[in-house]
Amino acid sequence: MRILLISDLHYTLPQWDWAVRSAPRFDLVVLAGDSLDIASSVPLEAQVVVTLRYLALLKAAAPVVIASGNHDLTGPDAHGEQSALWLAAARAGGVPTDGDSWLAADARVTVCPWWDGPLGRAAVEAQLAADAARRPTHWLWVYHWPPLGSPTCWTGERHYGDTELGGWIGRHAPDFVLTGHVHEPPFKPTGSWADRIGRTWVFNAGRQIGPVPAHIEIDLAAGRASWHSMLGSEALQLSDAATPARTVF
Amino acid sequence: MDEMLALSAHLPKQVFEAGDSVVREGEPGGSIWVLEAGALQVRKAGVVVNHITRPGAIVGEVSALLHCAYGATVVATERSVLHHAVNGPALLDSHPAIARLVAVGLAERLNHVTTYLADLKAQYADVPGLHMVSAVLRELSERQGERARPGSARDPNPDY
């Protein structure tokens, strides 16, 4: 299975175009959050319309899953916590999203929402526990924010990570956690696009300008992952015990 | 004489010297201006998007109709005279003829935009983001959903 991981498109339309064109080369496209951009001059309502159409185009080219990030929140859920309400339309269109699982022959992808309050956090915890009981050969999480302390959340000045994810990784030891949110780590010599925590690989492609998003390709059959950006490309073997030294600097 | 100019002749005049701002992007809206003479430049996010010189042209009508902040900055590029209605919505409510002209102007602009974009879609059919433009416009023009309430309590930093 070949997986394309991209995140933090932040309503960058040329990068969406690239994703649509690239999707046929993959067996799964993972969008790990911040598809929208709250700082854009385009209203979120309009961004949602465009993004849902891109999702439909992606889905026609390859299976796709999408998780929410903090920029994707459009209003309070039934409990008053901020939520990406619009992703219900993605689900209705056949794209697994927040709270869903995508299942292939030997892989399960657990799509975690951006949680924004105690009830949302508890729901993610329950979602992970439920999927832990039915994990196949490969268990992947899509979770927007990398774990605190990981080089995948290193901004160049500080670790800017999720305070809860590390504990959940320790408890469930998934094979992969596919993240985004922190844009700088792969572009800093002391940061990284990959981190091995126990048996778990954490990936964050970062964010770059231009028509091609920074992205990560994972080939489960070949046991290989590679990162591609304007800075260059790097690769690792999934059997590596630790992240290889950076080579693009 | 332009019909809008004739209908707004009763409104007080305001003079703007070159460089003066009529409205500023992001500031609270509500007022409507009608250009009597002069020239205006329209900037959005720092980018010049239009020049207005036609007597009878309207400024501020979108924010007055939507009760939102001004969506662009309008600056006089020469000495300009505009008629000013402090309460734009009240002007539209009390003068159906003015409201109709505002609607006609908006419809004309919408028609120009959609026609141009439909052609763009046809000519750039192999670019997904452009190919969808007319469908997106149609959907947006019919949309009547809830307004989005963005932002995260857990990480309100918009840089990430």
# chains A, B, ... in the order shown; residues from 1 in each chain; ligands from 1
>>> interface_residues(of="chain A", to="chain B", cutoff="6 Å", atoms="only C-alpha atoms", output="PyMOL selection string")
chain A and resi 17+70+73-75+116+181
>>> select_by_dssp(residues="range 4-224 of chain A", states="strand (DSSP E)", output="PDB file with C-alpha atoms, in the first residue's frame")
ATOM      1  CA  LEU A   4       0.448  10.033   0.466  1.00  0.00           C
ATOM      2  CA  LEU A   5       0.489  12.230   3.579  1.00  0.00           C
ATOM      3  CA  ILE A   6      -0.159  15.939   3.220  1.00  0.00           C
ATOM      4  CA  LEU A  28      -4.588   6.206   0.050  1.00  0.00           C
ATOM      5  CA  VAL A  29      -4.357   9.979   0.392  1.00  0.00           C
ATOM      6  CA  VAL A  30      -4.246  11.300   3.962  1.00  0.00           C
ATOM      7  CA  LEU A  31      -5.075  14.923   4.708  1.00  0.00           C
ATOM      8  CA  VAL A  64      -8.893   9.637   0.829  1.00  0.00           C
ATOM      9  CA  VAL A  65      -9.312  10.387   4.517  1.00  0.00           C
ATOM     10  CA  ILE A  66      -9.331  13.823   6.106  1.00  0.00           C
ATOM     11  CA  GLY A  75     -18.677  26.122  15.037  1.00  0.00           C
ATOM     12  CA  PRO A  76     -19.685  24.469  18.287  1.00  0.00           C
ATOM     13  CA  GLN A  82     -15.536  23.827  18.595  1.00  0.00           C
ATOM     14  CA  SER A  83     -15.736  21.299  15.790  1.00  0.00           C
ATOM     15  CA  SER A 101     -11.926   4.437  10.610  1.00  0.00           C
ATOM     16  CA  TRP A 102     -10.800   3.478   7.123  1.00  0.00           C
ATOM     17  CA  LEU A 103     -10.071  -0.185   6.740  1.00  0.00           C
ATOM     18  CA  ALA A 107      -4.388  -1.629   7.585  1.00  0.00           C
ATOM     19  CA  ARG A 108      -6.718   0.450   9.695  1.00  0.00           C
ATOM     20  CA  VAL A 109      -6.604   4.235   9.644  1.00  0.00           C
ATOM     21  CA  THR A 110      -8.104   5.913  12.691  1.00  0.00           C
ATOM     22  CA  VAL A 111      -9.047   9.479  11.829  1.00  0.00           C
ATOM     23  CA  HIS A 138      -0.775  -1.852  10.252  1.00  0.00           C
ATOM     24  CA  TRP A 139      -2.514   0.663  12.487  1.00  0.00           C
ATOM     25  CA  LEU A 140      -2.280   4.299  11.453  1.00  0.00           C
ATOM     26  CA  TRP A 141      -3.619   7.346  13.245  1.00  0.00           C
ATOM     27  CA  VAL A 142      -4.308  10.655  11.632  1.00  0.00           C
ATOM     28  CA  PHE A 176       2.121   5.280  12.473  1.00  0.00           C
ATOM     29  CA  VAL A 177       0.835   8.663  13.597  1.00  0.00           C
ATOM     30  CA  LEU A 178       0.351  11.027  10.669  1.00  0.00           C
ATOM     31  CA  THR A 179       0.383  14.655  11.767  1.00  0.00           C
ATOM     32  CA  ALA A 194       9.987  11.617  11.228  1.00  0.00           C
ATOM     33  CA  ASP A 195      10.332  10.394  14.777  1.00  0.00           C
ATOM     34  CA  ARG A 196      10.421   6.870  16.143  1.00  0.00           C
ATOM     35  CA  ILE A 197       8.732   6.521  19.512  1.00  0.00           C
ATOM     36  CA  THR A 200       5.562   4.027  16.402  1.00  0.00           C
ATOM     37  CA  TRP A 201       6.640   6.248  13.515  1.00  0.00           C
ATOM     38  CA  VAL A 202       5.402   9.825  13.827  1.00  0.00           C
ATOM     39  CA  PHE A 203       5.439  11.792  10.590  1.00  0.00           C
ATOM     40  CA  ASN A 204       4.949  15.514   9.905  1.00  0.00           C
ATOM     41  CA  HIS A 215       4.620  15.654   1.564  1.00  0.00           C
ATOM     42  CA  ILE A 216       5.514  12.194   2.788  1.00  0.00           C
ATOM     43  CA  GLU A 217       5.147   8.971   0.843  1.00  0.00           C
ATOM     44  CA  ILE A 218       4.830   5.731   2.787  1.00  0.00           C
ATOM     45  CA  ASP A 219       5.171   2.390   1.047  1.00  0.00           C
ATOM     46  CA  ARG A 224      10.011   2.693   3.139  1.00  0.00           C
TER      47      ARG A 224
END
>>> closest_residue(among="B:Glu17, B:Gln41, B:His83, B:Leu65", to="Val102 in chain B", atoms="only C-alpha atoms")
B:Leu65
>>> atom_distance(atom1="CA of Asn111 in chain B", atom2="CA of His95 in chain B")
24.4 Å
>>> closest_residue(among="A:Pro113, A:Pro63, A:Pro146, A:Gly33", to="Val95 in chain A", atoms="only C-alpha atoms")
A:Pro63
>>> closest_residue(among="A:Glu45, A:Ala123, A:Leu220, A:Ala225", to="Trp86 in chain A", atoms="only C-alpha atoms")
A:Glu45
>>> atom_distance(atom1="CA of Pro89 in chain B", atom2="CA of Thr115 in chain B")
29.2 Å
>>> select_by_dssp(residues="range 87-220 of chain A", states="alpha helix (DSSP H)", output="PyMOL selection string")
chain A and resi 87-92+118-132+165-172
>>> write_last_selection(atoms="C-alpha atoms", output="short mmCIF file (atom, residue, chain, number, x, y, z; two decimals), in the first residue's frame")
data_model
loop_
_atom_site.label_atom_id
_atom_site.label_comp_id
_atom_site.auth_asym_id
_atom_site.auth_seq_id
_atom_site.Cartn_x
_atom_site.Cartn_y
_atom_site.Cartn_z
CA LEU A 87 -16.70 17.56 7.54
CA ALA A 88 -20.06 15.83 7.96
CA ALA A 89 -20.61 16.72 4.32
CA ALA A 90 -17.30 15.05 3.46
CA ARG A 91 -18.45 11.90 5.22
CA ALA A 92 -21.75 12.04 3.35
CA PRO A 118 -12.74 17.86 27.59
CA LEU A 119 -15.59 15.99 25.92
CA GLY A 120 -13.79 15.98 22.58
CA ARG A 121 -10.64 14.74 24.25
CA ALA A 122 -12.57 11.93 25.92
CA ALA A 123 -14.14 10.99 22.60
CA VAL A 124 -10.73 10.66 20.96
CA GLU A 125 -9.51 8.56 23.86
CA ALA A 126 -12.52 6.27 23.46
CA GLN A 127 -12.06 6.14 19.68
CA LEU A 128 -8.45 5.01 20.04
CA ALA A 129 -9.37 2.41 22.66
CA ALA A 130 -12.11 1.02 20.43
CA ASP A 131 -9.83 0.72 17.41
CA ALA A 132 -7.03 -0.77 19.54
CA LEU A 165 -0.77 12.39 22.19
CA GLY A 166 2.46 11.06 23.68
CA GLY A 167 0.52 9.27 26.40
CA TRP A 168 -1.84 7.71 23.90
CA ILE A 169 1.05 6.55 21.74
CA GLY A 170 2.64 4.99 24.82
CA ARG A 171 -0.59 3.22 25.69
CA HIS A 172 -1.54 1.86 22.25
#
>>> atom_distance(atom1="CA of Gly94 in chain A", atom2="CA of Tyr54 in chain A")
13.0 Å
>>> residues_around(residues="Glu61 in chain B", least_positions_apart="5", cutoff="12 Å", atoms="only C-alpha atoms", output="MDAnalysis selection string")
chainID B and resid 23 29:34 66:72 84:92 98:99 101:103 105:106
>>> decode(residues="range 34-81 of chain B", atoms="N, CA and C atoms", output="mmCIF file, in the first residue's frame")
data_model
loop_
_atom_site.group_PDB
_atom_site.id
_atom_site.type_symbol
_atom_site.label_atom_id
_atom_site.label_comp_id
_atom_site.auth_asym_id
_atom_site.auth_seq_id
_atom_site.Cartn_x
_atom_site.Cartn_y
_atom_site.Cartn_z
ATOM 1 N N VAL B 34 -22.002 58.242 -2.683
ATOM 2 C CA VAL B 34 -22.244 58.279 -4.128
ATOM 3 C C VAL B 34 -21.291 59.306 -4.731
ATOM 4 N N LEU B 35 -20.486 58.873 -5.691
ATOM 5 C CA LEU B 35 -19.477 59.756 -6.286
ATOM 6 C C LEU B 35 -20.146 60.777 -7.207
ATOM 7 N N GLU B 36 -19.877 62.046 -6.931
ATOM 8 C CA GLU B 36 -20.372 63.104 -7.822
ATOM 9 C C GLU B 36 -19.292 63.509 -8.826
ATOM 10 N N ALA B 37 -18.080 63.658 -8.320
ATOM 11 C CA ALA B 37 -16.971 64.043 -9.206
ATOM 12 C C ALA B 37 -15.657 63.624 -8.556
ATOM 13 N N GLY B 38 -14.683 63.312 -9.400
ATOM 14 C CA GLY B 38 -13.374 62.938 -8.880
ATOM 15 C C GLY B 38 -12.984 61.528 -9.283
ATOM 16 N N ALA B 39 -12.015 60.980 -8.583
ATOM 17 C CA ALA B 39 -11.502 59.641 -8.899
ATOM 18 C C ALA B 39 -11.117 58.930 -7.610
ATOM 19 N N LEU B 40 -11.468 57.649 -7.550
ATOM 20 C CA LEU B 40 -11.218 56.838 -6.355
ATOM 21 C C LEU B 40 -10.448 55.589 -6.741
ATOM 22 N N GLN B 41 -9.619 55.135 -5.824
ATOM 23 C CA GLN B 41 -8.892 53.885 -6.011
ATOM 24 C C GLN B 41 -9.364 52.898 -4.935
ATOM 25 N N VAL B 42 -9.612 51.646 -5.340
ATOM 26 C CA VAL B 42 -10.086 50.619 -4.409
ATOM 27 C C VAL B 42 -8.959 49.626 -4.179
ATOM 28 N N ARG B 43 -8.616 49.420 -2.904
ATOM 29 C CA ARG B 43 -7.555 48.469 -2.568
ATOM 30 C C ARG B 43 -8.115 47.426 -1.618
ATOM 31 N N LYS B 44 -7.733 46.166 -1.882
ATOM 32 C CA LYS B 44 -8.162 45.068 -1.010
ATOM 33 C C LYS B 44 -6.914 44.317 -0.574
ATOM 34 N N ALA B 45 -6.706 44.224 0.722
ATOM 35 C CA ALA B 45 -5.505 43.583 1.265
ATOM 36 C C ALA B 45 -4.248 44.185 0.641
ATOM 37 N N GLY B 46 -4.265 45.505 0.422
ATOM 38 C CA GLY B 46 -3.091 46.190 -0.106
ATOM 39 C C GLY B 46 -2.951 46.145 -1.608
ATOM 40 N N VAL B 47 -3.821 45.394 -2.280
ATOM 41 C CA VAL B 47 -3.737 45.256 -3.731
ATOM 42 C C VAL B 47 -4.803 46.136 -4.381
ATOM 43 N N VAL B 48 -4.387 46.934 -5.373
ATOM 44 C CA VAL B 48 -5.352 47.785 -6.085
ATOM 45 C C VAL B 48 -6.239 46.891 -6.948
ATOM 46 N N VAL B 49 -7.544 46.937 -6.727
ATOM 47 C CA VAL B 49 -8.455 46.072 -7.457
ATOM 48 C C VAL B 49 -9.390 46.849 -8.383
ATOM 49 N N ASN B 50 -9.456 48.165 -8.218
ATOM 50 C CA ASN B 50 -10.385 48.892 -9.071
ATOM 51 C C ASN B 50 -10.112 50.401 -9.002
ATOM 52 N N HIS B 51 -10.555 51.103 -10.032
ATOM 53 C CA HIS B 51 -10.548 52.563 -10.045
ATOM 54 C C HIS B 51 -11.971 53.012 -10.359
ATOM 55 N N ILE B 52 -12.446 53.993 -9.650
ATOM 56 C CA ILE B 52 -13.816 54.472 -9.830
ATOM 57 C C ILE B 52 -13.771 55.937 -10.233
ATOM 58 N N THR B 53 -14.369 56.237 -11.382
ATOM 59 C CA THR B 53 -14.429 57.631 -11.839
ATOM 60 C C THR B 53 -15.832 58.013 -12.304
ATOM 61 N N ARG B 54 -16.720 57.027 -12.438
ATOM 62 C CA ARG B 54 -18.050 57.284 -13.009
ATOM 63 C C ARG B 54 -18.928 58.016 -12.002
ATOM 64 N N PRO B 55 -19.399 59.198 -12.319
ATOM 65 C CA PRO B 55 -20.358 59.876 -11.428
ATOM 66 C C PRO B 55 -21.585 58.987 -11.198
ATOM 67 N N GLY B 56 -21.987 58.875 -9.950
ATOM 68 C CA GLY B 56 -23.107 58.002 -9.616
ATOM 69 C C GLY B 56 -22.662 56.651 -9.088
ATOM 70 N N ALA B 57 -21.354 56.359 -9.146
ATOM 71 C CA ALA B 57 -20.855 55.097 -8.594
ATOM 72 C C ALA B 57 -21.037 55.088 -7.078
ATOM 73 N N ILE B 58 -21.254 53.905 -6.532
ATOM 74 C CA ILE B 58 -21.602 53.764 -5.111
ATOM 75 C C ILE B 58 -20.433 53.144 -4.362
ATOM 76 N N VAL B 59 -20.260 53.607 -3.143
ATOM 77 C CA VAL B 59 -19.244 53.042 -2.245
ATOM 78 C C VAL B 59 -19.933 52.654 -0.940
ATOM 79 N N GLY B 60 -19.662 51.445 -0.454
ATOM 80 C CA GLY B 60 -20.146 51.035 0.866
ATOM 81 C C GLY B 60 -21.428 50.236 0.857
ATOM 82 N N GLU B 61 -21.990 49.979 -0.329
ATOM 83 C CA GLU B 61 -23.305 49.333 -0.359
ATOM 84 C C GLU B 61 -23.262 47.873 0.128
ATOM 85 N N VAL B 62 -22.153 47.177 -0.114
ATOM 86 C CA VAL B 62 -22.095 45.772 0.310
ATOM 87 C C VAL B 62 -22.085 45.675 1.836
ATOM 88 N N SER B 63 -21.265 46.517 2.480
ATOM 89 C CA SER B 63 -21.227 46.455 3.946
ATOM 90 C C SER B 63 -22.549 46.926 4.543
ATOM 91 N N ALA B 64 -23.198 47.873 3.872
ATOM 92 C CA ALA B 64 -24.501 48.329 4.371
ATOM 93 C C ALA B 64 -25.554 47.222 4.259
ATOM 94 N N LEU B 65 -25.497 46.463 3.179
ATOM 95 C CA LEU B 65 -26.481 45.392 2.985
ATOM 96 C C LEU B 65 -26.205 44.192 3.877
ATOM 97 N N LEU B 66 -24.925 43.888 4.078
ATOM 98 C CA LEU B 66 -24.571 42.701 4.854
ATOM 99 C C LEU B 66 -24.307 43.009 6.322
ATOM 100 N N HIS B 67 -24.362 44.288 6.680
ATOM 101 C CA HIS B 67 -24.076 44.708 8.060
ATOM 102 C C HIS B 67 -22.721 44.177 8.505
ATOM 103 N N CYS B 68 -21.728 44.382 7.656
ATOM 104 C CA CYS B 68 -20.384 43.912 7.989
ATOM 105 C C CYS B 68 -19.384 45.049 7.754
ATOM 106 N N ALA B 69 -18.134 44.791 8.126
ATOM 107 C CA ALA B 69 -17.085 45.801 7.951
ATOM 108 C C ALA B 69 -16.845 46.051 6.463
ATOM 109 N N TYR B 70 -16.237 47.193 6.159
ATOM 110 C CA TYR B 70 -15.897 47.472 4.769
ATOM 111 C C TYR B 70 -14.903 46.435 4.263
ATOM 112 N N GLY B 71 -15.145 45.946 3.073
ATOM 113 C CA GLY B 71 -14.306 44.888 2.521
ATOM 114 C C GLY B 71 -13.123 45.397 1.730
ATOM 115 N N ALA B 72 -13.005 46.708 1.594
ATOM 116 C CA ALA B 72 -11.894 47.278 0.834
ATOM 117 C C ALA B 72 -11.652 48.701 1.320
ATOM 118 N N THR B 73 -10.473 49.193 0.999
ATOM 119 C CA THR B 73 -10.138 50.582 1.289
ATOM 120 C C THR B 73 -10.340 51.402 0.014
ATOM 121 N N VAL B 74 -11.048 52.516 0.158
ATOM 122 C CA VAL B 74 -11.296 53.387 -0.990
ATOM 123 C C VAL B 74 -10.634 54.738 -0.714
ATOM 124 N N VAL B 75 -9.732 55.140 -1.603
ATOM 125 C CA VAL B 75 -8.940 56.362 -1.413
ATOM 126 C C VAL B 75 -9.157 57.289 -2.612
ATOM 127 N N ALA B 76 -9.288 58.559 -2.321
ATOM 128 C CA ALA B 76 -9.388 59.542 -3.413
ATOM 129 C C ALA B 76 -8.013 59.730 -4.044
ATOM 130 N N THR B 77 -7.950 59.672 -5.357
ATOM 131 C CA THR B 77 -6.674 59.899 -6.047
ATOM 132 C C THR B 77 -6.591 61.311 -6.614
ATOM 133 N N GLU B 78 -7.693 62.039 -6.503
ATOM 134 C CA GLU B 78 -7.716 63.468 -6.816
ATOM 135 C C GLU B 78 -8.837 64.057 -5.979
ATOM 136 N N ARG B 79 -8.939 65.373 -6.002
ATOM 137 C CA ARG B 79 -10.015 65.992 -5.212
ATOM 138 C C ARG B 79 -11.355 65.417 -5.677
ATOM 139 N N SER B 80 -12.126 64.877 -4.734
ATOM 140 C CA SER B 80 -13.364 64.184 -5.103
ATOM 141 C C SER B 80 -14.511 64.636 -4.221
ATOM 142 N N VAL B 81 -15.680 64.667 -4.831
ATOM 143 C CA VAL B 81 -16.890 65.062 -4.104
ATOM 144 C C VAL B 81 -17.846 63.881 -4.091
#
